[in-house]
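Shown below: start-v8.csv, with CSV, N, CA and C atoms.
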```csv
chain,number,residue,atom,x,y,z
A,11,MET,N,92.7,49.2,-66.5
A,11,MET,CA,92.5,49.0,-67.9
A,11,MET,C,91.5,50.1,-68.4
A,12,LYS,N,90.4,50.3,-67.6
A,12,LYS,CA,89.4,51.3,-68.0
A,12,LYS,C,90.0,52.7,-68.0
A,13,ARG,N,90.9,53.0,-67.0
A,13,ARG,CA,91.5,54.3,-67.0
A,13,ARG,C,92.5,54.5,-68.1
A,14,ALA,N,93.2,53.5,-68.6
A,14,ALA,CA,94.1,53.6,-69.7
A,14,ALA,C,93.3,53.9,-71.0
A,15,ASN,N,92.1,53.4,-71.1
A,15,ASN,CA,91.2,53.6,-72.2
A,15,ASN,C,91.9,53.3,-73.5
A,16,THR,N,92.6,52.2,-73.5
A,16,THR,CA,93.4,51.8,-74.7
A,16,THR,C,92.4,51.1,-75.7
A,17,GLN,N,92.8,51.3,-77.0
A,17,GLN,CA,92.0,50.6,-78.1
A,17,GLN,C,92.7,49.3,-78.5
A,18,SER,N,94.0,49.2,-78.2
A,18,SER,CA,94.7,48.0,-78.6
A,18,SER,C,95.1,47.2,-77.4
A,19,ILE,N,94.1,46.4,-76.9
A,19,ILE,CA,94.3,45.7,-75.6
A,19,ILE,C,95.4,44.7,-75.7
A,20,PHE,N,95.6,44.0,-76.8
A,20,PHE,CA,96.6,43.0,-76.9
A,20,PHE,C,98.0,43.6,-76.8
A,21,ALA,N,98.2,44.7,-77.5
A,21,ALA,CA,99.5,45.4,-77.5
A,21,ALA,C,99.8,46.0,-76.1
A,22,PHE,N,98.7,46.4,-75.4
A,22,PHE,CA,98.8,46.9,-74.0
A,22,PHE,C,99.3,45.8,-73.1
A,23,ASN,N,98.8,44.6,-73.3
A,23,ASN,CA,99.2,43.5,-72.4
A,23,ASN,C,100.6,43.1,-72.7
A,24,VAL,N,101.0,43.0,-74.0
A,24,VAL,CA,102.4,42.7,-74.3
A,24,VAL,C,103.4,43.7,-73.7
A,25,LEU,N,103.1,45.0,-73.8
A,25,LEU,CA,103.9,46.0,-73.2
A,25,LEU,C,104.0,45.9,-71.7
A,26,GLY,N,102.9,45.6,-71.1
A,26,GLY,CA,102.9,45.4,-69.6
A,26,GLY,C,103.7,44.2,-69.2
A,27,MET,N,103.7,43.2,-70.0
A,27,MET,CA,104.5,42.0,-69.7
A,27,MET,C,106.0,42.1,-69.9
A,28,LEU,N,106.4,43.1,-70.5
A,28,LEU,CA,107.8,43.3,-70.7
A,28,LEU,C,108.6,43.6,-69.4
A,29,PHE,N,107.8,44.1,-68.4
A,29,PHE,CA,108.4,44.6,-67.2
A,29,PHE,C,108.5,43.5,-66.1
A,30,ALA,N,107.8,42.4,-66.3
A,30,ALA,CA,107.8,41.4,-65.2
A,30,ALA,C,109.1,40.5,-65.1
A,31,PRO,N,109.7,40.1,-66.2
A,31,PRO,CA,110.9,39.2,-66.0
A,31,PRO,C,112.0,39.6,-65.2
A,32,LEU,N,112.5,40.9,-65.3
A,32,LEU,CA,113.6,41.3,-64.5
A,32,LEU,C,113.4,41.4,-63.0
A,33,PRO,N,112.3,41.9,-62.5
A,33,PRO,CA,112.0,41.9,-61.1
A,33,PRO,C,111.8,40.4,-60.6
A,34,LEU,N,111.2,39.6,-61.4
A,34,LEU,CA,111.1,38.2,-60.9
A,34,LEU,C,112.4,37.5,-60.9
A,35,LEU,N,113.3,37.7,-61.8
A,35,LEU,CA,114.6,37.1,-61.8
A,35,LEU,C,115.4,37.6,-60.6
A,36,LEU,N,115.3,38.9,-60.3
A,36,LEU,CA,116.0,39.5,-59.2
A,36,LEU,C,115.4,38.9,-57.9
A,37,LEU,N,114.1,38.7,-57.7
A,37,LEU,CA,113.6,38.1,-56.5
A,37,LEU,C,114.0,36.6,-56.4
A,38,ALA,N,114.1,35.9,-57.5
A,38,ALA,CA,114.6,34.5,-57.4
A,38,ALA,C,116.0,34.5,-56.9
A,39,VAL,N,116.8,35.4,-57.4
A,39,VAL,CA,118.2,35.4,-57.0
A,39,VAL,C,118.3,35.8,-55.5
A,40,VAL,N,117.5,36.7,-55.1
A,40,VAL,CA,117.6,37.2,-53.7
A,40,VAL,C,117.1,36.1,-52.7
A,41,PHE,N,116.1,35.4,-53.1
A,41,PHE,CA,115.5,34.4,-52.2
A,41,PHE,C,116.1,33.0,-52.3
A,42,HIS,N,116.7,32.7,-53.5
A,42,HIS,CA,117.2,31.3,-53.7
A,42,HIS,C,118.6,31.3,-54.1
A,43,GLY,N,119.3,32.4,-54.3
A,43,GLY,CA,120.7,32.4,-54.7
A,43,GLY,C,120.9,32.4,-56.2
A,44,VAL,N,122.1,32.6,-56.6
A,44,VAL,CA,122.5,32.6,-58.0
A,44,VAL,C,122.4,31.2,-58.7
A,45,GLU,N,122.4,30.2,-57.8
A,45,GLU,CA,122.3,28.8,-58.4
A,45,GLU,C,121.0,28.6,-59.2
A,46,VAL,N,119.9,29.4,-58.8
A,46,VAL,CA,118.7,29.3,-59.6
A,46,VAL,C,118.9,29.6,-61.0
A,47,VAL,N,119.7,30.6,-61.3
A,47,VAL,CA,119.9,31.0,-62.7
A,47,VAL,C,121.0,30.1,-63.3
A,48,THR,N,122.0,29.8,-62.6
A,48,THR,CA,123.1,29.0,-63.2
A,48,THR,C,122.7,27.6,-63.5
A,49,SER,N,121.8,27.0,-62.7
A,49,SER,CA,121.4,25.6,-62.9
A,49,SER,C,120.2,25.5,-63.8
A,50,ALA,N,119.6,26.6,-64.2
A,50,ALA,CA,118.4,26.5,-65.1
A,50,ALA,C,118.6,25.8,-66.4
A,51,PRO,N,119.7,26.0,-67.1
A,51,PRO,CA,119.9,25.2,-68.3
A,51,PRO,C,119.9,23.7,-68.1
A,52,ASP,N,120.5,23.3,-67.0
A,52,ASP,CA,120.5,21.8,-66.7
A,52,ASP,C,119.1,21.2,-66.5
A,53,LEU,N,118.2,22.0,-66.0
A,53,LEU,CA,116.9,21.5,-65.7
A,53,LEU,C,115.9,21.6,-66.9
A,54,PHE,N,116.3,22.3,-68.0
A,54,PHE,CA,115.5,22.5,-69.1
A,54,PHE,C,115.2,21.2,-69.9
A,55,ASN,N,113.9,20.9,-70.1
A,55,ASN,CA,113.5,19.8,-70.9
A,55,ASN,C,112.2,20.1,-71.6
A,56,GLN,N,111.5,19.1,-72.2
A,56,GLN,CA,110.3,19.3,-73.0
A,56,GLN,C,109.2,19.8,-72.0
A,57,GLY,N,109.1,19.2,-70.8
A,57,GLY,CA,108.0,19.6,-69.9
A,57,GLY,C,108.2,21.0,-69.5
A,58,VAL,N,109.4,21.5,-69.3
A,58,VAL,CA,109.6,22.9,-68.9
A,58,VAL,C,109.3,23.8,-70.1
A,59,LEU,N,109.7,23.4,-71.3
A,59,LEU,CA,109.4,24.2,-72.5
A,59,LEU,C,107.8,24.3,-72.7
A,60,PHE,N,107.1,23.2,-72.5
A,60,PHE,CA,105.7,23.3,-72.6
A,60,PHE,C,105.1,24.2,-71.6
A,61,SER,N,105.5,24.1,-70.3
A,61,SER,CA,105.0,24.9,-69.3
A,61,SER,C,105.3,26.4,-69.5
A,62,VAL,N,106.5,26.7,-70.0
A,62,VAL,CA,106.8,28.1,-70.3
A,62,VAL,C,105.9,28.7,-71.4
A,63,LEU,N,105.9,27.9,-72.5
A,63,LEU,CA,105.0,28.4,-73.6
A,63,LEU,C,103.6,28.4,-73.3
A,64,PHE,N,103.1,27.5,-72.5
A,64,PHE,CA,101.7,27.5,-72.0
A,64,PHE,C,101.4,28.7,-71.2
A,65,GLN,N,102.3,29.0,-70.2
A,65,GLN,CA,102.1,30.2,-69.4
A,65,GLN,C,102.2,31.5,-70.2
A,66,ALA,N,103.1,31.5,-71.2
A,66,ALA,CA,103.3,32.8,-71.9
A,66,ALA,C,102.2,33.1,-72.9
A,67,TYR,N,101.7,32.1,-73.6
A,67,TYR,CA,100.7,32.3,-74.6
A,67,TYR,C,99.3,32.2,-74.2
A,68,PRO,N,98.7,30.9,-74.1
A,68,PRO,CA,97.3,30.9,-73.8
A,68,PRO,C,96.9,31.4,-72.4
A,69,THR,N,97.8,31.2,-71.4
A,69,THR,CA,97.4,31.6,-70.1
A,69,THR,C,97.5,33.1,-69.9
A,70,THR,N,98.7,33.6,-70.3
A,70,THR,CA,98.9,35.1,-70.1
A,70,THR,C,98.4,36.0,-71.2
A,71,LEU,N,98.9,35.8,-72.4
A,71,LEU,CA,98.5,36.7,-73.4
A,71,LEU,C,97.0,36.6,-73.8
A,72,LEU,N,96.6,35.4,-74.0
A,72,LEU,CA,95.2,35.2,-74.4
A,72,LEU,C,94.3,35.4,-73.2
A,73,GLY,N,94.7,34.9,-72.1
A,73,GLY,CA,93.8,35.0,-70.9
A,73,GLY,C,93.6,36.5,-70.5
A,74,TYR,N,94.7,37.3,-70.5
A,74,TYR,CA,94.6,38.7,-70.1
A,74,TYR,C,93.9,39.5,-71.2
A,75,TRP,N,94.0,39.0,-72.4
A,75,TRP,CA,93.3,39.7,-73.5
A,75,TRP,C,91.8,39.6,-73.3
A,76,PHE,N,91.4,38.3,-73.1
A,76,PHE,CA,89.9,38.1,-72.8
A,76,PHE,C,89.5,38.9,-71.6
A,77,TRP,N,90.3,38.8,-70.5
A,77,TRP,CA,89.9,39.4,-69.3
A,77,TRP,C,89.8,40.9,-69.5
A,78,ASN,N,90.8,41.6,-70.1
A,78,ASN,CA,90.7,43.0,-70.3
A,78,ASN,C,89.6,43.4,-71.3
A,79,LYS,N,89.3,42.6,-72.3
A,79,LYS,CA,88.2,42.9,-73.1
A,79,LYS,C,86.9,42.9,-72.3
A,80,MET,N,86.7,42.0,-71.4
A,80,MET,CA,85.6,41.9,-70.5
A,80,MET,C,85.5,43.1,-69.6
A,81,ILE,N,86.7,43.5,-69.0
A,81,ILE,CA,86.8,44.7,-68.2
A,81,ILE,C,86.3,46.0,-68.9
A,82,MET,N,86.7,46.1,-70.2
A,82,MET,CA,86.4,47.2,-71.0
A,82,MET,C,84.9,47.3,-71.3
A,83,LYS,N,84.3,46.1,-71.4
A,83,LYS,CA,82.9,46.0,-71.9
A,83,LYS,C,81.9,46.0,-70.7
A,84,TYR,N,82.2,45.3,-69.6
A,84,TYR,CA,81.3,45.2,-68.5
A,84,TYR,C,81.9,45.9,-67.2
A,85,THR,N,81.1,45.9,-66.2
A,85,THR,CA,81.6,46.6,-64.9
A,85,THR,C,82.6,45.6,-64.3
A,86,VAL,N,83.5,46.2,-63.5
A,86,VAL,CA,84.5,45.4,-62.8
A,86,VAL,C,83.8,44.5,-61.8
A,87,SER,N,82.7,45.0,-61.1
A,87,SER,CA,82.0,44.2,-60.1
A,87,SER,C,81.3,43.0,-60.8
A,88,GLY,N,81.0,43.1,-62.1
A,88,GLY,CA,80.4,42.0,-62.8
A,88,GLY,C,81.4,40.9,-63.2
A,89,VAL,N,82.6,41.4,-63.5
A,89,VAL,CA,83.7,40.5,-64.0
A,89,VAL,C,84.5,39.9,-62.9
A,90,ALA,N,84.8,40.6,-61.8
A,90,ALA,CA,85.7,40.2,-60.8
A,90,ALA,C,85.3,38.8,-60.2
A,91,PRO,N,84.1,38.5,-60.0
A,91,PRO,CA,83.8,37.1,-59.4
A,91,PRO,C,84.3,36.0,-60.3
A,92,MET,N,84.5,36.2,-61.6
A,92,MET,CA,85.0,35.2,-62.4
A,92,MET,C,86.4,34.7,-62.1
A,93,THR,N,87.1,35.5,-61.3
A,93,THR,CA,88.5,35.1,-60.8
A,93,THR,C,88.4,33.9,-60.0
A,94,LEU,N,87.2,33.6,-59.4
A,94,LEU,CA,87.0,32.4,-58.6
A,94,LEU,C,87.1,31.1,-59.5
A,95,LEU,N,87.0,31.3,-60.8
A,95,LEU,CA,87.2,30.1,-61.6
A,95,LEU,C,88.6,29.6,-61.8
A,96,VAL,N,89.6,30.5,-61.4
A,96,VAL,CA,91.0,30.1,-61.6
A,96,VAL,C,91.4,28.8,-60.9
A,97,PRO,N,91.0,28.6,-59.6
A,97,PRO,CA,91.4,27.3,-59.0
A,97,PRO,C,90.7,26.1,-59.7
A,98,VAL,N,89.5,26.3,-60.2
A,98,VAL,CA,88.7,25.2,-60.8
A,98,VAL,C,89.5,24.8,-62.1
A,99,PHE,N,89.9,25.8,-62.9
A,99,PHE,CA,90.6,25.5,-64.1
A,99,PHE,C,92.0,25.0,-63.8
A,100,GLY,N,92.6,25.4,-62.7
A,100,GLY,CA,93.9,24.9,-62.2
A,100,GLY,C,93.8,23.4,-61.9
A,101,ILE,N,92.8,23.0,-61.2
A,101,ILE,CA,92.6,21.6,-60.9
A,101,ILE,C,92.4,20.8,-62.2
A,102,LEU,N,91.6,21.3,-63.1
A,102,LEU,CA,91.3,20.6,-64.4
A,102,LEU,C,92.6,20.5,-65.2
A,103,GLY,N,93.4,21.6,-65.2
A,103,GLY,CA,94.6,21.6,-66.0
A,103,GLY,C,95.6,20.6,-65.4
A,104,GLY,N,95.7,20.5,-64.1
A,104,GLY,CA,96.6,19.5,-63.5
A,104,GLY,C,96.2,18.1,-63.9
A,105,TYR,N,94.9,17.9,-63.9
A,105,TYR,CA,94.4,16.6,-64.3
A,105,TYR,C,94.7,16.3,-65.8
A,106,TRP,N,94.4,17.2,-66.7
A,106,TRP,CA,94.5,17.0,-68.1
A,106,TRP,C,96.0,16.9,-68.6
A,107,PHE,N,96.8,17.8,-68.1
A,107,PHE,CA,98.2,18.0,-68.6
A,107,PHE,C,99.2,17.2,-67.8
A,108,TYR,N,99.0,17.0,-66.5
A,108,TYR,CA,100.0,16.3,-65.7
A,108,TYR,C,99.5,15.0,-65.0
A,109,ASP,N,98.3,14.6,-65.4
A,109,ASP,CA,97.8,13.3,-64.8
A,109,ASP,C,97.7,13.3,-63.3
A,110,GLU,N,97.4,14.5,-62.7
A,110,GLU,CA,97.2,14.6,-61.3
A,110,GLU,C,95.9,14.0,-60.9
A,111,VAL,N,95.8,13.4,-59.8
A,111,VAL,CA,94.6,12.8,-59.3
A,111,VAL,C,93.7,13.9,-58.6
A,112,ILE,N,92.5,13.9,-58.9
A,112,ILE,CA,91.6,14.9,-58.3
A,112,ILE,C,90.9,14.2,-57.1
A,113,GLY,N,91.2,14.8,-56.0
A,113,GLY,CA,90.6,14.2,-54.7
A,113,GLY,C,89.2,14.7,-54.4
A,114,ILE,N,88.6,14.1,-53.5
A,114,ILE,CA,87.2,14.4,-53.1
A,114,ILE,C,87.1,15.9,-52.6
A,115,TYR,N,88.2,16.3,-51.9
A,115,TYR,CA,88.1,17.7,-51.4
A,115,TYR,C,88.2,18.7,-52.5
A,116,GLN,N,89.0,18.4,-53.5
A,116,GLN,CA,89.0,19.3,-54.7
A,116,GLN,C,87.7,19.3,-55.4
A,117,VAL,N,87.1,18.2,-55.6
A,117,VAL,CA,85.7,18.1,-56.2
A,117,VAL,C,84.7,18.9,-55.4
A,118,ILE,N,84.7,18.8,-54.1
A,118,ILE,CA,83.8,19.5,-53.2
A,118,ILE,C,84.1,21.0,-53.3
A,119,ALA,N,85.4,21.4,-53.3
A,119,ALA,CA,85.8,22.8,-53.4
A,119,ALA,C,85.3,23.4,-54.8
A,120,ALA,N,85.5,22.6,-55.8
A,120,ALA,CA,85.1,23.1,-57.2
A,120,ALA,C,83.6,23.3,-57.3
A,121,VAL,N,82.9,22.3,-56.7
A,121,VAL,CA,81.4,22.4,-56.7
A,121,VAL,C,80.9,23.6,-55.9
A,122,LEU,N,81.6,23.8,-54.7
A,122,LEU,CA,81.2,25.0,-53.9
A,122,LEU,C,81.5,26.3,-54.6
A,123,ILE,N,82.6,26.4,-55.3
A,123,ILE,CA,83.0,27.6,-56.0
A,123,ILE,C,82.0,27.8,-57.1
A,124,LEU,N,81.7,26.8,-57.9
A,124,LEU,CA,80.7,27.0,-59.0
A,124,LEU,C,79.3,27.3,-58.5
A,125,ALA,N,78.9,26.7,-57.4
A,125,ALA,CA,77.6,27.0,-56.8
A,125,ALA,C,77.6,28.5,-56.3
A,126,GLY,N,78.7,28.9,-55.6
A,126,GLY,CA,78.7,30.3,-55.2
A,126,GLY,C,78.7,31.3,-56.3
A,127,LEU,N,79.4,31.0,-57.4
A,127,LEU,CA,79.3,31.9,-58.5
A,127,LEU,C,77.9,31.9,-59.1
A,128,PHE,N,77.3,30.8,-59.2
A,128,PHE,CA,75.9,30.7,-59.8
A,128,PHE,C,75.0,31.5,-58.9
A,129,VAL,N,75.0,31.3,-57.6
A,129,VAL,CA,74.1,32.0,-56.7
A,129,VAL,C,74.4,33.5,-56.7
A,130,GLY,N,75.7,33.9,-56.7
A,130,GLY,CA,76.1,35.3,-56.8
A,130,GLY,C,75.6,35.9,-58.1
A,131,GLN,N,75.8,35.3,-59.2
A,131,GLN,CA,75.3,35.8,-60.5
A,131,GLN,C,73.8,35.9,-60.6
A,132,MET,N,73.1,34.9,-60.0
A,132,MET,CA,71.7,34.9,-60.1
A,132,MET,C,71.1,36.0,-59.2
A,133,SER,N,71.7,36.1,-58.0
A,133,SER,CA,71.2,37.2,-57.0
A,133,SER,C,71.5,38.6,-57.6
A,134,SER,N,72.6,38.8,-58.2
A,134,SER,CA,72.9,40.1,-58.7
A,134,SER,C,72.1,40.5,-59.9
A,135,SER,N,71.8,39.5,-60.8
A,135,SER,CA,70.9,39.8,-61.9
A,135,SER,C,69.4,40.0,-61.4
A,136,GLN,N,69.0,39.2,-60.4
A,136,GLN,CA,67.7,39.4,-59.8
A,136,GLN,C,67.6,40.8,-59.1
A,137,PHE,N,68.7,41.2,-58.4
A,137,PHE,CA,68.8,42.5,-57.8
A,137,PHE,C,68.6,43.6,-58.8
A,138,LEU,N,69.4,43.5,-59.9
A,138,LEU,CA,69.3,44.5,-61.0
A,138,LEU,C,68.0,44.6,-61.6
A,139,SER,N,67.3,43.4,-61.9
A,139,SER,CA,66.0,43.4,-62.5
A,139,SER,C,65.0,44.0,-61.5
A,140,SER,N,65.1,43.7,-60.2
A,140,SER,CA,64.1,44.3,-59.3
A,140,SER,C,64.3,45.8,-59.1
A,141,LYS,N,65.6,46.2,-59.2
A,141,LYS,CA,65.9,47.6,-59.1
A,141,LYS,C,65.3,48.4,-60.3
A,142,LYS,N,65.4,47.8,-61.5
A,142,LYS,CA,64.8,48.4,-62.7
A,142,LYS,C,63.3,48.5,-62.6
A,143,LYS,N,62.6,47.4,-62.0
A,143,LYS,CA,61.2,47.4,-61.8
A,143,LYS,C,60.8,48.6,-60.9
A,144,LEU,N,61.6,48.8,-59.8
A,144,LEU,CA,61.2,49.8,-58.9
A,144,LEU,C,61.3,51.2,-59.5
A,145,LYS,N,62.3,51.4,-60.4
A,145,LYS,CA,62.4,52.7,-61.1
A,145,LYS,C,61.3,53.0,-62.1
A,146,THR,N,60.7,51.9,-62.7
A,146,THR,CA,59.7,52.1,-63.6
A,146,THR,C,58.3,52.3,-63.0
A,147,THR,N,58.2,51.9,-61.7
A,147,THR,CA,56.9,52.0,-61.0
A,147,THR,C,56.8,53.3,-60.3
```
Representation of the structure as structure tokens:
Amino acid sequence: MKRANTQSIFAFNVLGMLFAPLPLLLLAVVFHGVEVVTSAPDLFNQGVLFSVLFQAYPTTLLGYWFWNKMIMKYTVSGVAPMTLLVPVFGILGGYWFYDEVIGIYQVIAAVLILAGLFVGQMSSSQFLSSKKKLKTT
């Protein structure tokens, strides 16, 4: 994203997403056969429609737009640890949208992820502030 140096991040994301469906369809046919494509209309319902629209709009377009805006503004090393939040939001999304039960291991994993992010962000900000202090002295 930084190398592309685009000013229109949203349009850049949409253009990039035009290339994904055909290879994914080809991979589905190769690994699961033509039945995957031919039986798709029979399996289509409101739940599938919601999932497709949710994956296409807030998750993909909006998510990547926010992500790429952050990449353009901040360093990659500062933004990359935020990818660890994906499983936490996945657990919460399953609970909110599909009434999945959150088990104790998922709670422990989410707490460990959040604690690790907190410690990592605190130590990196403390490292940067101590580095600035050394330069000024």
May I have the centre and edge lengths, in Å to one decimal, of an axis-aligned box around the listed atoms of range 112-129 of chain A with 5 Å added to every side, as lines of an AutoDock Vina configuration file?
```
center_x = 83.3
center_y = 23.7
center_z = -55.6
size_x = 28.4
size_y = 29.6
size_z = 18.4
```
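For Ser87 in chain A, the set of protein, DNA and RNA residues having any atom at most 12 Å away, when counting only C-alpha atoms and skipping those fewer than 5 positions along the same chain, is A:Met80, A:Ile81, A:Met92, A:Thr93, A:Gly130, A:Gln131, A:Ser134.
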Suppose we keep N, CA and C atoms; can you now write the selection as a PDB file, keeping the file's coordinate frame?
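See result_36.pdb below for the written result:
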```pdb
ATOM      1  N   MET A  80      86.700  42.000 -71.400  1.00  0.00           N
ATOM      2  CA  MET A  80      85.600  41.900 -70.500  1.00  0.00           C
ATOM      3  C   MET A  80      85.500  43.100 -69.600  1.00  0.00           C
ATOM      4  N   ILE A  81      86.700  43.500 -69.000  1.00  0.00           N
ATOM      5  CA  ILE A  81      86.800  44.700 -68.200  1.00  0.00           C
ATOM      6  C   ILE A  81      86.300  46.000 -68.900  1.00  0.00           C
ATOM      7  N   MET A  92      84.500  36.200 -61.600  1.00  0.00           N
ATOM      8  CA  MET A  92      85.000  35.200 -62.400  1.00  0.00           C
ATOM      9  C   MET A  92      86.400  34.700 -62.100  1.00  0.00           C
ATOM     10  N   THR A  93      87.100  35.500 -61.300  1.00  0.00           N
ATOM     11  CA  THR A  93      88.500  35.100 -60.800  1.00  0.00           C
ATOM     12  C   THR A  93      88.400  33.900 -60.000  1.00  0.00           C
ATOM     13  N   GLY A 130      75.700  33.900 -56.700  1.00  0.00           N
ATOM     14  CA  GLY A 130      76.100  35.300 -56.800  1.00  0.00           C
ATOM     15  C   GLY A 130      75.600  35.900 -58.100  1.00  0.00           C
ATOM     16  N   GLN A 131      75.800  35.300 -59.200  1.00  0.00           N
ATOM     17  CA  GLN A 131      75.300  35.800 -60.500  1.00  0.00           C
ATOM     18  C   GLN A 131      73.800  35.900 -60.600  1.00  0.00           C
ATOM     19  N   SER A 134      72.600  38.800 -58.200  1.00  0.00           N
ATOM     20  CA  SER A 134      72.900  40.100 -58.700  1.00  0.00           C
ATOM     21  C   SER A 134      72.100  40.500 -59.900  1.00  0.00           C
TER      22      SER A 134
END
```
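The interatomic distance for the pair CA of Gly104 in chain A and atom N of Phe128 in chain A works out to 22.8 Å.
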Handout entry: Separation of CA of Pro91 in chain A from CA of Gly126 in chain A, in Å and rounded to one decimal
Key = 9.5 Å
Exercise for the section: Once DSSP has gone over the backbone, tell me which residues of range 69-147 of chain A are in alpha helix (DSSP H), as a VMD selection string. Expected result: chain A and resid 73 to 83 86 to 89 95 to 108 114 to 146
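The two atoms in question, atom N of Ala21 in chain A and atom N of Trp75 in chain A, are spaced 8.7 Å apart.
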Handout entry: Selection: 12 Å around Met27 in chain A, only C-alpha atoms, excl. self and same-chain fewer than 4 positions, as a ChimeraX atom specification
Key = /A:20-23,31-34,66-67,70-71,74
Please, could all heavy atoms be added to range 123-129 of chain A and the result written as a compact mmCIF listing (two decimals), keeping the file's coordinate frame?
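Wrote it out as part21.txt, contents follow:
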```txt
# COMPACT_ATOMS: atom_id res chain seq x y z
N ILE A 123 82.60 26.40 -55.30
CA ILE A 123 83.00 27.60 -56.00
C ILE A 123 82.00 27.80 -57.10
O ILE A 123 81.47 28.97 -57.28
CB ILE A 123 84.41 27.48 -56.61
CG1 ILE A 123 85.45 27.56 -55.50
CG2 ILE A 123 84.67 28.57 -57.65
CD1 ILE A 123 86.85 27.20 -55.94
N LEU A 124 81.70 26.80 -57.90
CA LEU A 124 80.70 27.00 -59.00
C LEU A 124 79.30 27.30 -58.50
O LEU A 124 78.63 28.18 -59.06
CB LEU A 124 80.67 25.72 -59.87
CG LEU A 124 81.96 25.42 -60.63
CD1 LEU A 124 81.87 24.07 -61.31
CD2 LEU A 124 82.27 26.52 -61.63
N ALA A 125 78.90 26.70 -57.40
CA ALA A 125 77.60 27.00 -56.80
C ALA A 125 77.60 28.50 -56.30
O ALA A 125 76.59 29.17 -56.48
CB ALA A 125 77.30 26.04 -55.66
N GLY A 126 78.70 28.90 -55.60
CA GLY A 126 78.70 30.30 -55.20
C GLY A 126 78.70 31.30 -56.30
O GLY A 126 77.99 32.29 -56.18
N LEU A 127 79.40 31.00 -57.40
CA LEU A 127 79.30 31.90 -58.50
C LEU A 127 77.90 31.90 -59.10
O LEU A 127 77.41 32.98 -59.47
CB LEU A 127 80.30 31.40 -59.62
CG LEU A 127 81.71 31.91 -59.47
CD1 LEU A 127 82.62 31.22 -60.47
CD2 LEU A 127 81.77 33.40 -59.65
N PHE A 128 77.30 30.80 -59.20
CA PHE A 128 75.90 30.70 -59.80
C PHE A 128 75.00 31.50 -58.90
O PHE A 128 74.21 32.32 -59.42
CB PHE A 128 75.48 29.23 -59.87
CG PHE A 128 74.09 29.07 -60.39
CD1 PHE A 128 73.82 29.26 -61.74
CD2 PHE A 128 73.06 28.73 -59.54
CE1 PHE A 128 72.54 29.12 -62.23
CE2 PHE A 128 71.77 28.59 -60.02
CZ PHE A 128 71.51 28.77 -61.36
N VAL A 129 75.00 31.30 -57.60
CA VAL A 129 74.10 32.00 -56.70
C VAL A 129 74.40 33.50 -56.70
O VAL A 129 73.52 34.33 -56.79
CB VAL A 129 74.28 31.47 -55.24
CG1 VAL A 129 73.59 32.38 -54.24
CG2 VAL A 129 73.71 30.06 -55.15
```
